[in-house]
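Q: Next up, structure-v6.cif (mmCIF, C-alpha atoms).
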data_model
#
loop_
_atom_site.label_atom_id
_atom_site.label_comp_id
_atom_site.auth_asym_id
_atom_site.auth_seq_id
_atom_site.Cartn_x
_atom_site.Cartn_y
_atom_site.Cartn_z
CA MET R 1 185.67 -85.92 371.69
CA ILE R 2 182.78 -85.46 374.11
CA THR R 3 181.99 -87.95 376.85
CA ALA R 4 178.87 -87.47 378.94
CA GLU R 5 177.54 -89.53 381.84
CA LEU R 6 174.47 -87.87 383.29
CA ASN R 7 172.21 -88.96 386.13
CA LYS R 8 169.35 -86.80 387.35
CA LYS R 9 166.04 -87.21 389.13
CA LEU R 10 163.50 -85.24 387.11
CA TRP R 11 159.93 -84.28 387.95
CA SER R 12 157.07 -83.65 385.58
CA ALA R 13 153.28 -83.65 385.51
CA GLN R 14 153.47 -87.43 385.11
CA GLY R 15 155.60 -87.84 388.24
CA GLY R 16 159.27 -88.60 388.86
CA MET R 17 161.73 -90.00 386.33
CA GLU R 18 165.33 -91.14 386.61
CA LEU R 19 167.42 -89.78 383.75
CA ALA R 20 170.49 -91.93 383.17
CA LEU R 21 172.45 -91.33 379.96
CA ARG R 22 175.90 -92.13 378.65
CA PHE R 23 177.14 -91.19 375.21
CA ASP R 24 180.30 -90.25 373.30
CA LEU R 25 180.46 -87.85 370.39
CA GLY R 26 183.42 -87.24 368.10
CA THR R 27 184.65 -83.78 367.18
CA GLY R 28 182.76 -82.47 364.16
CA GLU R 29 179.90 -84.97 364.53
CA SER R 30 176.20 -84.20 364.87
CA LEU R 31 173.96 -86.10 367.31
CA THR R 32 170.19 -85.71 367.55
CA LEU R 33 168.27 -86.50 370.73
CA TYR R 34 164.87 -87.80 369.66
CA GLY R 35 161.86 -88.93 371.67
CA ASP R 36 158.52 -88.02 373.17
CA SER R 37 158.01 -84.88 375.24
CA GLY R 38 159.18 -85.45 378.79
CA ALA R 39 161.82 -88.04 377.82
CA GLY R 40 164.65 -85.80 379.11
CA LYS R 41 166.01 -84.25 375.89
CA THR R 42 165.97 -80.58 376.91
CA SER R 43 167.16 -81.43 380.42
CA THR R 44 170.16 -83.17 378.84
CA LEU R 45 171.06 -80.02 376.89
CA ARG R 46 170.67 -77.90 380.01
CA MET R 47 172.99 -80.17 382.00
CA LEU R 48 175.61 -80.04 379.24
CA ALA R 49 175.34 -76.24 379.26
CA GLY R 50 175.65 -75.97 383.04
CA LEU R 51 172.13 -74.61 383.47
CA LEU R 52 170.88 -77.69 385.34
CA PRO R 53 173.13 -79.57 387.79
CA PRO R 54 173.19 -83.38 387.41
CA ASP R 55 172.90 -85.50 390.54
CA SER R 56 176.00 -87.44 389.51
CA GLY R 57 178.17 -88.22 386.49
CA ARG R 58 180.74 -86.35 384.42
CA ILE R 59 181.09 -84.26 381.27
CA VAL R 60 184.43 -84.11 379.44
CA VAL R 61 184.77 -82.00 376.28
CA GLY R 62 188.00 -81.96 374.29
CA GLY R 63 189.96 -83.25 377.27
CA GLU R 64 188.59 -80.53 379.58
CA THR R 65 186.36 -81.62 382.47
CA TRP R 66 183.23 -79.50 382.67
CA TYR R 67 181.54 -81.58 385.33
CA ASP R 68 182.65 -84.39 387.62
CA ALA R 69 180.59 -85.17 390.70
CA ASP R 70 183.32 -87.31 392.27
CA LYS R 71 185.95 -84.58 391.85
CA ASN R 72 183.56 -81.74 392.80
CA ILE R 73 184.05 -80.01 389.44
CA ASP R 74 181.14 -78.01 388.00
CA LEU R 75 182.11 -75.21 385.61
CA PRO R 76 179.52 -72.41 385.31
CA PRO R 77 177.94 -71.84 381.88
CA GLN R 78 180.20 -68.90 381.05
CA GLN R 79 183.25 -71.13 381.42
CA ARG R 80 181.89 -73.84 379.14
CA ASP R 81 182.73 -73.34 375.49
CA ILE R 82 179.20 -73.72 374.12
CA GLY R 83 176.69 -72.09 371.83
CA PHE R 84 173.03 -72.59 372.75
CA VAL R 85 170.06 -71.84 370.50
CA PHE R 86 166.50 -72.18 371.80
CA GLN R 87 163.18 -72.26 369.97
CA ASP R 88 162.60 -68.63 370.93
CA TYR R 89 165.22 -66.28 369.55
CA ALA R 90 166.36 -64.62 372.81
CA LEU R 91 167.91 -61.67 370.95
CA PHE R 92 168.57 -58.28 372.52
CA PRO R 93 165.65 -56.25 371.10
CA ASN R 94 167.41 -52.88 371.43
CA LEU R 95 170.47 -54.02 369.44
CA THR R 96 170.86 -54.52 365.70
CA ALA R 97 171.64 -57.96 364.28
CA ARG R 98 175.30 -56.99 363.99
CA GLN R 99 175.39 -55.66 367.56
CA ASN R 100 173.84 -58.92 368.79
CA LEU R 101 176.75 -60.77 367.17
CA LEU R 102 179.33 -58.32 368.48
CA TYR R 103 178.10 -58.94 372.02
CA GLY R 104 179.64 -62.42 372.02
CA LEU R 105 182.63 -61.77 369.76
CA ARG R 106 186.11 -62.44 371.13
CA LYS R 107 188.67 -59.66 370.82
CA GLY R 108 190.62 -59.82 367.58
CA GLU R 109 188.00 -61.90 365.76
CA GLU R 110 186.54 -59.08 363.66
CA ASP R 111 187.44 -60.84 360.40
CA PHE R 112 185.53 -63.91 361.54
CA LEU R 113 182.49 -61.72 362.24
CA GLU R 114 182.46 -60.55 358.63
CA GLU R 115 182.85 -64.15 357.43
CA LEU R 116 179.96 -65.28 359.63
CA ILE R 117 177.70 -62.47 358.44
CA ALA R 118 178.43 -63.54 354.87
CA ILE R 119 177.86 -67.27 355.40
CA SER R 120 174.61 -66.64 357.29
CA GLY R 121 173.28 -64.27 354.63
CA LEU R 122 172.88 -61.37 357.06
CA GLY R 123 174.70 -58.76 355.00
CA GLU R 124 171.62 -56.71 354.12
CA LEU R 125 169.99 -57.33 357.50
CA GLN R 126 172.88 -56.68 359.88
CA HIS R 127 171.85 -53.12 360.76
CA LYS R 128 168.21 -53.96 361.49
CA LYS R 129 166.85 -54.64 364.97
CA PRO R 130 165.01 -57.89 365.76
CA GLY R 131 161.60 -56.21 365.58
CA GLN R 132 162.29 -55.38 361.94
CA LEU R 133 163.13 -59.00 361.03
CA SER R 134 160.96 -62.01 360.25
CA GLY R 135 160.98 -65.07 362.50
CA GLY R 136 163.32 -66.93 360.18
CA GLN R 137 165.68 -63.97 359.95
CA GLN R 138 165.75 -63.60 363.73
CA GLN R 139 166.57 -67.28 364.13
CA ARG R 140 169.38 -66.88 361.60
CA VAL R 141 170.81 -64.13 363.81
CA ALA R 142 170.42 -66.38 366.87
CA LEU R 143 172.29 -69.21 365.15
CA ALA R 144 175.05 -66.87 364.00
CA ARG R 145 175.37 -65.43 367.51
CA ALA R 146 175.77 -68.95 368.90
CA LEU R 147 178.63 -69.53 366.43
CA VAL R 148 180.43 -66.23 366.88
CA ARG R 149 182.65 -67.57 369.70
CA LYS R 150 183.54 -70.72 367.73
CA PRO R 151 182.17 -73.01 370.44
CA LYS R 152 183.43 -76.53 371.05
CA LEU R 153 179.81 -77.64 371.34
CA LEU R 154 176.69 -76.23 369.71
CA LEU R 155 173.40 -77.10 371.46
CA LEU R 156 170.16 -76.69 369.50
CA ASP R 157 166.79 -77.11 371.22
CA GLU R 158 164.22 -77.33 368.39
CA PRO R 159 165.37 -73.98 367.00
CA MET R 160 163.46 -74.31 363.71
CA SER R 161 160.22 -75.98 364.79
CA ALA R 162 158.10 -72.81 364.46
CA LEU R 163 159.31 -71.95 360.94
CA ASP R 164 157.78 -72.82 357.58
CA HIS R 165 159.34 -75.47 355.32
CA GLN R 166 161.20 -73.04 353.08
CA MET R 167 162.81 -71.06 355.89
CA ARG R 168 163.55 -74.26 357.82
CA ASN R 169 165.36 -75.71 354.81
CA GLN R 170 167.37 -72.51 354.38
CA LEU R 171 168.50 -72.60 358.02
CA GLN R 172 169.29 -76.30 357.80
CA ASP R 173 171.48 -75.60 354.78
CA PHE R 174 173.16 -72.78 356.71
CA LEU R 175 173.90 -75.16 359.59
CA ILE R 176 175.35 -77.79 357.27
CA ASN R 177 177.52 -75.16 355.61
CA ALA R 178 178.68 -73.80 358.98
CA GLN R 179 179.43 -77.28 360.32
CA GLN R 180 181.53 -78.12 357.27
CA SER R 181 183.32 -74.76 357.37
CA TYR R 182 184.11 -74.69 361.10
CA GLY R 183 184.08 -78.36 362.14
CA LEU R 184 181.20 -77.84 364.57
CA THR R 185 180.16 -80.52 367.04
CA ILE R 186 176.38 -80.37 367.37
CA ILE R 187 173.78 -81.87 369.68
CA LEU R 188 170.27 -81.23 368.38
CA VAL R 189 166.81 -81.81 369.83
CA SER R 190 164.21 -82.17 367.09
CA HIS R 191 160.89 -83.93 366.37
CA ASP R 192 161.10 -83.32 362.62
CA LEU R 193 162.23 -86.54 360.90
CA GLY R 194 163.35 -84.77 357.74
CA GLU R 195 165.45 -82.38 359.78
CA VAL R 196 166.95 -85.23 361.80
CA ILE R 197 167.90 -87.19 358.68
CA LYS R 198 169.36 -84.11 357.02
CA LEU R 199 171.42 -82.82 359.94
CA SER R 200 172.45 -85.90 361.95
CA ASP R 201 175.34 -88.31 361.82
CA ARG R 202 173.77 -90.27 364.66
CA VAL R 203 170.44 -90.35 366.49
CA ALA R 204 169.85 -91.32 370.13
CA VAL R 205 166.21 -92.15 370.92
CA LEU R 206 165.28 -91.30 374.51
CA GLU R 207 162.53 -93.08 376.36
CA SER R 208 161.74 -92.28 380.01
CA GLY R 209 165.21 -90.89 380.63
CA SER R 210 167.25 -93.62 378.95
CA ILE R 211 168.68 -94.17 375.47
CA CYS R 212 166.72 -97.07 374.01
CA LYS R 213 168.16 -96.94 370.49
CA VAL R 214 171.15 -95.31 368.83
CA GLY R 215 172.55 -95.36 365.31
CA SER R 216 172.49 -93.55 362.00
CA PRO R 217 169.15 -91.99 360.97
CA ALA R 218 168.58 -94.83 358.49
CA GLU R 219 169.28 -97.48 361.14
CA VAL R 220 167.00 -95.83 363.69
CA PHE R 221 164.00 -94.83 361.57
CA MET R 222 163.74 -97.28 358.69
CA GLN R 223 161.11 -99.95 359.31
CA HIS R 224 163.25 -102.44 357.45
CA LYS R 225 167.02 -102.62 357.39
CA ILE R 226 168.34 -101.08 354.20
CA SER R 227 170.52 -103.58 352.37
CA GLY R 228 170.94 -101.60 349.19
CA LYS R 229 174.45 -101.04 347.95
CA PHE R 230 173.67 -97.45 346.98
CA GLN R 231 172.03 -95.00 349.40
CA PHE R 232 171.33 -91.30 348.93
CA SER R 233 169.59 -88.68 351.01
CA GLY R 234 167.26 -86.29 349.22
CA ARG R 235 164.42 -83.81 349.66
CA VAL R 236 160.98 -84.12 348.08
CA LEU R 237 160.38 -81.33 345.57
CA HIS R 238 157.20 -82.50 343.83
CA ILE R 239 154.64 -85.32 343.94
CA GLN R 240 152.49 -86.13 340.92
CA GLN R 241 150.43 -88.96 339.42
CA GLU R 242 151.12 -90.14 335.88
CA GLU R 243 148.55 -92.66 334.68
CA VAL R 244 148.78 -95.61 337.12
CA VAL R 245 152.02 -94.65 338.89
CA TRP R 246 153.16 -91.87 341.20
CA ILE R 247 156.33 -89.87 340.51
CA ILE R 248 158.36 -88.29 343.31
CA THR R 249 160.77 -85.58 342.24
CA LEU R 250 163.78 -85.39 344.58
CA LEU R 251 166.70 -83.04 345.08
CA ILE R 252 169.79 -85.16 345.82
CA ALA R 253 172.79 -82.92 346.45
CA THR R 254 172.56 -80.59 343.42
CA ASN R 255 170.79 -83.12 341.17
CA VAL R 256 167.07 -83.49 340.49
CA VAL R 257 165.89 -87.09 340.04
CA LYS R 258 162.52 -88.81 339.68
CA VAL R 259 161.49 -91.99 341.52
CA VAL R 260 158.44 -94.17 340.91
CA VAL R 261 156.52 -95.09 344.09
CA SER R 262 153.23 -96.72 345.00
CA GLU R 263 150.11 -94.70 345.78
CA LYS R 264 150.42 -95.67 349.46
CA GLU R 265 154.01 -94.44 349.58
CA SER R 266 153.08 -91.17 347.87
CA ARG R 267 150.40 -90.48 350.48
CA GLU R 268 152.97 -90.78 353.27
CA LEU R 269 155.14 -88.06 351.75
CA GLN R 270 154.82 -84.33 351.30
CA VAL R 271 156.90 -81.63 349.66
CA GLY R 272 159.86 -80.74 351.86
CA ASP R 273 160.24 -84.20 353.43
CA GLN R 274 163.75 -85.61 353.70
CA VAL R 275 164.05 -89.23 352.50
CA VAL R 276 166.64 -91.93 351.95
CA VAL R 277 166.77 -93.54 348.49
CA ALA R 278 168.28 -97.05 348.37
CA SER R 279 168.91 -99.42 345.51
CA LYS R 280 170.27 -102.97 345.45
CA ALA R 281 171.28 -102.74 341.82
CA PHE R 282 173.07 -100.09 339.82
CA ASN R 283 173.12 -100.30 336.02
CA PRO R 284 175.10 -97.37 334.64
CA ILE R 285 175.09 -96.33 331.00
CA LEU R 286 178.53 -95.34 329.75
CA ASN R 287 179.12 -92.91 326.89
CA LYS R 288 182.53 -92.19 325.45
CA VAL R 289 183.45 -88.49 325.59
#
Just dump the structure as structure tokens.
A:
Amino acid sequence: MITAELNKKLWSAQGGMELALRFDLGTGESLTLYGDSGAGKTSTLRMLAGLLPPDSGRIVVGGETWYDADKNIDLPPQQRDIGFVFQDYALFPNLTARQNLLYGLRKGEEDFLEELIAISGLGELQHKKPGQLSGGQQQRVALARALVRKPKLLLLDEPMSALDHQMRNQLQDFLINAQQSYGLTIILVSHDLGEVIKLSDRVAVLESGSICKVGSPAEVFMQHKISGKFQFSGRVLHIQQEEVVWIITLLIATNVVKVVVSEKESRELQVGDQVVVASKAFNPILNKV
């Protein structure tokens, strides 16, 4: 369990802003901080990491106090059990991918290193230096390096925003796999709605330093409350017109399904978008086997 109460006077080109946040996050959950630029999202991550001191408040992670203004506790970043991934890769350019991972590896965890290289798909790339890797491959190394110490909290500051759809989806799948495998607790900053829906258990919308809305991605982003009994999350694979209707082909888990939508709805979607499919009725067809 993570409990954070953060208060900080921030300054930007638009002037001063009072950041005042309080949130709780369960172990193994994923929370996205969403909002306009300058709302305080990155500053929140930096305070959690110990890179930016709050003016007051407290941070408690897994029963350990990382920060408490009243008790004069403020652990430095190296004493906070975190992984932090930025938009830029911040890899050591003179070290191979494997050596970048080894840099943060705890003694006696060599077997975990091999497991992490396998789950991140770095087997054939581990002996190459960052300059020999594509942007997506470098970010995969950065994500794996953040996980190598099995952190209590993984902080992600728009780490996939500069990547194309295909590579972004691959890294999102890697994160989901890693979270399920290692029980990661994640706080993500992202402006990509598909990414937020795919990766988040909860979303906190920040506005001028305060949380103005919090809930599941469906509760936060849907224009109308979803009352359907059956809800599924999927990714748009293909959009096509057939006579007077539009057909959206979706990947839901490992299944490919087709959904009929209006022309207006089809124009609001593009391949790679993450969507929620809801239905109020469910009429199954049963066949004896």
Q: Might you spell out which residues the PyMOL selection byres ((chain R and resi 47-61) around 8) would select in the displayed file, as JSON, numbers by chain?
A: {"R": [1, 2, 3, 4, 5, 6, 7, 8, 9, 43, 44, 45, 46, 62, 63, 64, 65, 66, 67, 68, 69, 70, 74, 75, 76, 77, 80, 82, 84, 152]}
Q: Can I get the selected residues back with C-alpha atoms, as an mmCIF file, in the frame of the given file?
A:
data_model
loop_
_atom_site.group_PDB
_atom_site.id
_atom_site.type_symbol
_atom_site.label_atom_id
_atom_site.label_comp_id
_atom_site.auth_asym_id
_atom_site.auth_seq_id
_atom_site.Cartn_x
_atom_site.Cartn_y
_atom_site.Cartn_z
ATOM 1 C CA MET R 1 185.670 -85.920 371.690
ATOM 2 C CA ILE R 2 182.780 -85.460 374.110
ATOM 3 C CA THR R 3 181.990 -87.950 376.850
ATOM 4 C CA ALA R 4 178.870 -87.470 378.940
ATOM 5 C CA GLU R 5 177.540 -89.530 381.840
ATOM 6 C CA LEU R 6 174.470 -87.870 383.290
ATOM 7 C CA ASN R 7 172.210 -88.960 386.130
ATOM 8 C CA LYS R 8 169.350 -86.800 387.350
ATOM 9 C CA LYS R 9 166.040 -87.210 389.130
ATOM 10 C CA SER R 43 167.160 -81.430 380.420
ATOM 11 C CA THR R 44 170.160 -83.170 378.840
ATOM 12 C CA LEU R 45 171.060 -80.020 376.890
ATOM 13 C CA ARG R 46 170.670 -77.900 380.010
ATOM 14 C CA GLY R 62 188.000 -81.960 374.290
ATOM 15 C CA GLY R 63 189.960 -83.250 377.270
ATOM 16 C CA GLU R 64 188.590 -80.530 379.580
ATOM 17 C CA THR R 65 186.360 -81.620 382.470
ATOM 18 C CA TRP R 66 183.230 -79.500 382.670
ATOM 19 C CA TYR R 67 181.540 -81.580 385.330
ATOM 20 C CA ASP R 68 182.650 -84.390 387.620
ATOM 21 C CA ALA R 69 180.590 -85.170 390.700
ATOM 22 C CA ASP R 70 183.320 -87.310 392.270
ATOM 23 C CA ASP R 74 181.140 -78.010 388.000
ATOM 24 C CA LEU R 75 182.110 -75.210 385.610
ATOM 25 C CA PRO R 76 179.520 -72.410 385.310
ATOM 26 C CA PRO R 77 177.940 -71.840 381.880
ATOM 27 C CA ARG R 80 181.890 -73.840 379.140
ATOM 28 C CA ILE R 82 179.200 -73.720 374.120
ATOM 29 C CA PHE R 84 173.030 -72.590 372.750
ATOM 30 C CA LYS R 152 183.430 -76.530 371.050
#
Q: Evaluate the PyMOL selection byres ((chain R and resi 216) around 7) on the structure here and hand back the selected residues as a PyMOL selection string.
A: chain R and resi 201-203+215+217-220
Q: Can you list what the PyMOL selection byres ((chain R and resi 33) around 10) grabs from this structure, as a VMD selection string?
A: chain R and resid 31 to 32 34 to 35 39 to 42 44 to 45 157 187 to 191 196 200 202 to 206 211 214
Q: Would you mind exporting the chosen residues as a PDB file, in the coordinates of the input, restricted to C-alpha atoms?
A:
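Saved to out.pdb:
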ATOM      1  CA  LEU R  31     173.960 -86.100 367.310  1.00  0.00           C
ATOM      2  CA  THR R  32     170.190 -85.710 367.550  1.00  0.00           C
ATOM      3  CA  TYR R  34     164.870 -87.800 369.660  1.00  0.00           C
ATOM      4  CA  GLY R  35     161.860 -88.930 371.670  1.00  0.00           C
ATOM      5  CA  ALA R  39     161.820 -88.040 377.820  1.00  0.00           C
ATOM      6  CA  GLY R  40     164.650 -85.800 379.110  1.00  0.00           C
ATOM      7  CA  LYS R  41     166.010 -84.250 375.890  1.00  0.00           C
ATOM      8  CA  THR R  42     165.970 -80.580 376.910  1.00  0.00           C
ATOM      9  CA  THR R  44     170.160 -83.170 378.840  1.00  0.00           C
ATOM     10  CA  LEU R  45     171.060 -80.020 376.890  1.00  0.00           C
ATOM     11  CA  ASP R 157     166.790 -77.110 371.220  1.00  0.00           C
ATOM     12  CA  ILE R 187     173.780 -81.870 369.680  1.00  0.00           C
ATOM     13  CA  LEU R 188     170.270 -81.230 368.380  1.00  0.00           C
ATOM     14  CA  VAL R 189     166.810 -81.810 369.830  1.00  0.00           C
ATOM     15  CA  SER R 190     164.210 -82.170 367.090  1.00  0.00           C
ATOM     16  CA  HIS R 191     160.890 -83.930 366.370  1.00  0.00           C
ATOM     17  CA  VAL R 196     166.950 -85.230 361.800  1.00  0.00           C
ATOM     18  CA  SER R 200     172.450 -85.900 361.950  1.00  0.00           C
ATOM     19  CA  ARG R 202     173.770 -90.270 364.660  1.00  0.00           C
ATOM     20  CA  VAL R 203     170.440 -90.350 366.490  1.00  0.00           C
ATOM     21  CA  ALA R 204     169.850 -91.320 370.130  1.00  0.00           C
ATOM     22  CA  VAL R 205     166.210 -92.150 370.920  1.00  0.00           C
ATOM     23  CA  LEU R 206     165.280 -91.300 374.510  1.00  0.00           C
ATOM     24  CA  ILE R 211     168.680 -94.170 375.470  1.00  0.00           C
ATOM     25  CA  VAL R 214     171.150 -95.310 368.830  1.00  0.00           C
TER      26      VAL R 214
END
Q: Could you give me, as CSV, a per-residue list for range 79-194 of chain R showing, wherever an atom lies at most 12 Å from an atom of range 259-276 of chain R, the closest pair of atoms and their distance in Å to one decimal, using only C-alpha atoms and sorting by chain then residue number from low to high?
A:
residue,atom,partner,partner_atom,distance
R:Asp164,CA,R:Gly272,CA,10.0
R:His165,CA,R:Gly272,CA,6.3
R:Gln166,CA,R:Gly272,CA,7.9
R:Met167,CA,R:Gly272,CA,10.9
R:Arg168,CA,R:Gly272,CA,9.5
R:Asn169,CA,R:Gly272,CA,8.0
R:Gln170,CA,R:Gly272,CA,11.4
R:Gln172,CA,R:Gln274,CA,11.6
R:Asp192,CA,R:Asp273,CA,9.3
R:Leu193,CA,R:Gln274,CA,7.4
R:Gly194,CA,R:Gln274,CA,4.1
Q: Which one of R:Gln132, R:Asn100, R:Ile186, R:Gln87 sits closest to Ala162 in chain R if you count all atoms listed in the file?
A: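 Distance minimum relative to Ala162 in chain R lands on R:Gln87.
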Q: Could you tell me how far CA of Ala178 in chain R lies from CA of Ser120 in chain R, in Å and to one decimal?
A: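 Spanning CA of Ala178 in chain R to CA of Ser120 in chain R is a straight-line distance of 8.4 Å.
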Q: Quick one: distance from CA of Gly26 in chain R to CA of Gln179 in chain R in Å, one decimal?
A: 13.3 Å
Q: Could you check the closest approach to Leu91 in chain R for each of R:Arg145, R:Lys71, R:Lys213, R:Lys107 and tell me which residue wins, using only C-alpha atoms?
A: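 That would be R:Arg145, the residue with the smallest distance to Leu91 in chain R.
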Q: Report, in Å with one decimal, the straight-line distance from CA of Gln180 in chain R to CA of Arg106 in chain R.
A: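 If I compute the distance from CA of Gln180 in chain R to CA of Arg106 in chain R, I get 21.4 Å.
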Q: Give me, as a PyMOL selection string, all polymer residues having an atom no more than 7 Å from Thr185 in chain R, counting all atoms listed in the file and skipping those fewer than 3 positions away in the same chain.
A: chain R and resi 27-30+152-154
Q: Compare R:Gly83, R:Pro130, R:Gly121, R:Pro151 by their minimum atom-to-atom distance to Leu95 in chain R, counting only C-alpha atoms, and give me the closest one.
A: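 Using only C-alpha atoms, the shortest distance to Leu95 in chain R belongs to R:Pro130.
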Q: Which one is closest to Glu115 in chain R: R:Ser181, R:Gln139, R:Gln241, R:Thr249? Count only C-alpha atoms.
A: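 Result for the nearest residue to Glu115 in chain R: R:Ser181.
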Q: With 4 Å added on each side, what axis-aligned box encloses every listed atom of range 106-125 of chain R? Give the centre and edge lengths in Å to one decimal, as JSON.
A:
{"center_x": 180.3, "center_y": -62.0, "center_z": 362.6, "size_x": 28.6, "size_y": 18.6, "size_z": 25.0}
